[in-house]
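Okay, so here's the structure we're looking at.
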Amino acid sequence: MPATPYAIEFRDVSLAFGDRVILDRVSFSVRYGESKIVMGGSGTGKSTLLRLVLGLLKPDSGQIFIDGEEITDHTEEEMMQVRRNIGMVFQEGALFDSLSVYDNVAYRLREQRVPEDQIEPVVTRMLRFVDLDDAIDKMPNQLSGGMRRRVGIARALVGNPRIILYDEPTAGLDPITARTICELALKLRDLEEVSSIYVTHRLEDIDVLASEYVVRDDFGNVLFEHEGDKLCLINTKFLMLKDGDVIFSGSDEQMRESRDPYIQKFLHQR
């Protein structure tokens, strides 16, 4: 692991499309094993952060670091190496409709020319992690929206990436299915120590990610516990964007105590 404590770091990053400023000297960091929950209204630059991390966009100014390596001016070939350590969970799952669940999850491994006999155990393990090993032979059009998202998470986990980027992963899902997606994110954070940026506008996601954590009991069972009064989660922080600026960065307790009218309006939008 690099000497830096950060899996992801933005330093004074600015980006504009014509006269429209998307990000204005944005700085933040994500520590190893930490989840950064990014919030804000539509058009505030939330998803733009993810595209910058992946190198799909280049900033106009500032610096971006992944695992201590500056990627700001990386070529596409150099970014392909960086992306090997990053998993991406899209809003709609973004599955290949013509490929089975197995083939969707195996896709990255086949791109890397991994032998087929080594692919099968990886795919099976990833689908078991998201509790979908019984859907291995199904086609995407046979899956519910929540199942498609879970397959997307399984695919993102191939290669054991240490960074996961979530782009509105629960959008459009019913509460029970959305809860399942949040639980998978908690398992990755607390059991696998994966670093992540989690873009969302759903307060229900915020409630789960900010107040619950995962442990294994003596028998290896996964248990979901509540933060309570005696424990404060230190591996989940929040970032609020407005008009290209970071107007809040800190814990959920600090966010809820903020008197900023924009933040309070956001938190009371139910």
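As shown in the structure tokens, the chain order sets the letters A, B, ...; within each chain, residues go from 1, and ligands are also counted from 1 in the order they appear.
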Quick one: residues within 9 Å of stretch 8-24 of chain A, only C-alpha atoms, excluding same-chain residues fewer than 5 positions away - as a list in words?
Ser29, Val30, Arg31, Tyr32, Gly43, Thr44, Gly45, Thr48, Leu49, Val53, Lys58, Pro59, Asp60, Ser61, Gly62, Gln63, Ile64, Phe65, Ile66, Asp67, Gly68, Ile163, Ser195, Ser196, Leu241, Asp243, Gly244, Asp245 and Val246 of chain A
Spatial neighbours of A:Asp97, 8 Å, only C-alpha atoms, chain gap at least 5 places, as a list in words:
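The residues satisfying every condition are Met139, Pro140 and Asn141 of chain A.
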To one decimal place, how far is atom CA of A:Leu127 from atom CA of A:Leu99 in Å?
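Between these atoms lies a distance of 15.3 Å.
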Taking 6 positions as the minimum chain separation for residues in the same chain, which residues sit within 12 Å of A:Met80 when counting only C-alpha atoms? Answer as JSON, numbers by chain.
{"A": [53, 54, 55, 56, 71, 74, 86, 108, 111, 112]}
Could you pull out all residues of stretch 178-226 of chain A with a DSSP call of alpha helix (DSSP H) and give them as a list in words?
Ala178, Arg179, Thr180, Ile181, Cys182, Glu183, Leu184, Ala185, Leu186, Lys187, Leu188, Arg189, Asp190, Leu191, Leu203, Glu204, Asp205, Ile206, Asp207, Val208, Leu209, Ala210 and Ser211 of chain A
Would you save the residues from that selection as an mmCIF file, in the first residue's frame, using C-alpha atoms?
data_model
loop_
_atom_site.group_PDB
_atom_site.id
_atom_site.type_symbol
_atom_site.label_atom_id
_atom_site.label_comp_id
_atom_site.auth_asym_id
_atom_site.auth_seq_id
_atom_site.Cartn_x
_atom_site.Cartn_y
_atom_site.Cartn_z
ATOM 1 C CA ALA A 178 -32.736 -0.548 -2.069
ATOM 2 C CA ARG A 179 -31.986 -1.721 1.459
ATOM 3 C CA THR A 180 -30.373 -4.866 0.016
ATOM 4 C CA ILE A 181 -28.055 -2.762 -2.167
ATOM 5 C CA CYS A 182 -27.078 -0.634 0.844
ATOM 6 C CA GLU A 183 -26.343 -3.777 2.844
ATOM 7 C CA LEU A 184 -23.982 -4.980 0.112
ATOM 8 C CA ALA A 185 -22.196 -1.616 0.259
ATOM 9 C CA LEU A 186 -21.899 -1.991 4.055
ATOM 10 C CA LYS A 187 -20.455 -5.495 3.713
ATOM 11 C CA LEU A 188 -17.830 -4.254 1.268
ATOM 12 C CA ARG A 189 -16.960 -1.319 3.528
ATOM 13 C CA ASP A 190 -16.785 -3.170 6.837
ATOM 14 C CA LEU A 191 -15.760 -6.720 5.922
ATOM 15 C CA LEU A 203 -32.195 9.973 2.384
ATOM 16 C CA GLU A 204 -33.021 6.340 3.102
ATOM 17 C CA ASP A 205 -29.576 5.343 1.786
ATOM 18 C CA ILE A 206 -27.972 7.979 3.985
ATOM 19 C CA ASP A 207 -29.799 6.691 7.065
ATOM 20 C CA VAL A 208 -28.561 3.122 6.523
ATOM 21 C CA LEU A 209 -24.987 3.932 5.501
ATOM 22 C CA ALA A 210 -24.509 6.451 8.336
ATOM 23 C CA SER A 211 -25.986 4.453 11.201
#
Show which residues sit within 12 Å of A:Phe96, as a ChimeraX atom specification. Count only C-alpha atoms, and ignore same-chain residues fewer than 3 positions away.
/A:92-93,99-107,139-141,148,151-152,155
How would the residues just chosen look if you wrote them out with C-alpha atoms as a PDB file, in the first residue's frame?
ATOM      1  CA  GLU A  92     -29.235   0.814 -14.081  1.00  0.00           C
ATOM      2  CA  GLY A  93     -26.779  -2.030 -13.654  1.00  0.00           C
ATOM      3  CA  LEU A  99     -25.032 -12.016 -22.334  1.00  0.00           C
ATOM      4  CA  SER A 100     -26.104 -14.286 -19.480  1.00  0.00           C
ATOM      5  CA  VAL A 101     -25.516 -13.324 -15.865  1.00  0.00           C
ATOM      6  CA  TYR A 102     -22.462 -15.589 -15.851  1.00  0.00           C
ATOM      7  CA  ASP A 103     -21.021 -13.995 -18.976  1.00  0.00           C
ATOM      8  CA  ASN A 104     -21.701 -10.469 -17.722  1.00  0.00           C
ATOM      9  CA  VAL A 105     -19.748 -11.105 -14.538  1.00  0.00           C
ATOM     10  CA  ALA A 106     -16.996 -12.930 -16.454  1.00  0.00           C
ATOM     11  CA  TYR A 107     -16.640 -10.156 -19.039  1.00  0.00           C
ATOM     12  CA  MET A 139     -30.486 -13.437 -19.066  1.00  0.00           C
ATOM     13  CA  PRO A 140     -30.760  -9.801 -17.907  1.00  0.00           C
ATOM     14  CA  ASN A 141     -34.340  -9.498 -19.214  1.00  0.00           C
ATOM     15  CA  ARG A 148     -29.753  -6.380 -12.224  1.00  0.00           C
ATOM     16  CA  VAL A 151     -25.311  -8.488 -10.851  1.00  0.00           C
ATOM     17  CA  GLY A 152     -23.718  -5.102 -11.579  1.00  0.00           C
ATOM     18  CA  ARG A 155     -19.309  -7.646 -11.952  1.00  0.00           C
TER      19      ARG A 155
END
Using only C-alpha atoms, determine which residues lie at most 12 Å from A:Glu253, disregarding the query and same-chain residues fewer than 3 positions distant; provide the list as a ChimeraX atom specification.
/A:206-207,210-211,227,229,232-234,236-238,248-250,256-258
As JSON, numbers by chain, please: every residue in stretch 65-172 of chain A that a backbone DSSP assignment puts in strand (DSSP E or B).
{"A": [65, 66, 69, 70, 86, 87, 88, 89, 163, 164, 165, 166, 167]}
Nearest to A:Gly41, restricted to only C-alpha atoms and choosing among A:Asn221, A:Thr200, A:Gln81, A:Gln254, comes out as A:Thr200
Would you work out the distance separating atom CA of A:Ile37 from atom CA of A:Glu193, expressed in Å to one decimal?
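If I compute the distance from atom CA of A:Ile37 to atom CA of A:Glu193, I get 15.6 Å.
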For each of A:Val82, A:Leu95, A:Leu165, A:Leu157, take the minimum atom-to-atom distance to A:Arg51, counting only C-alpha atoms, then give the residue where this is smallest.
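Smallest distance to A:Arg51 is found for A:Leu165.
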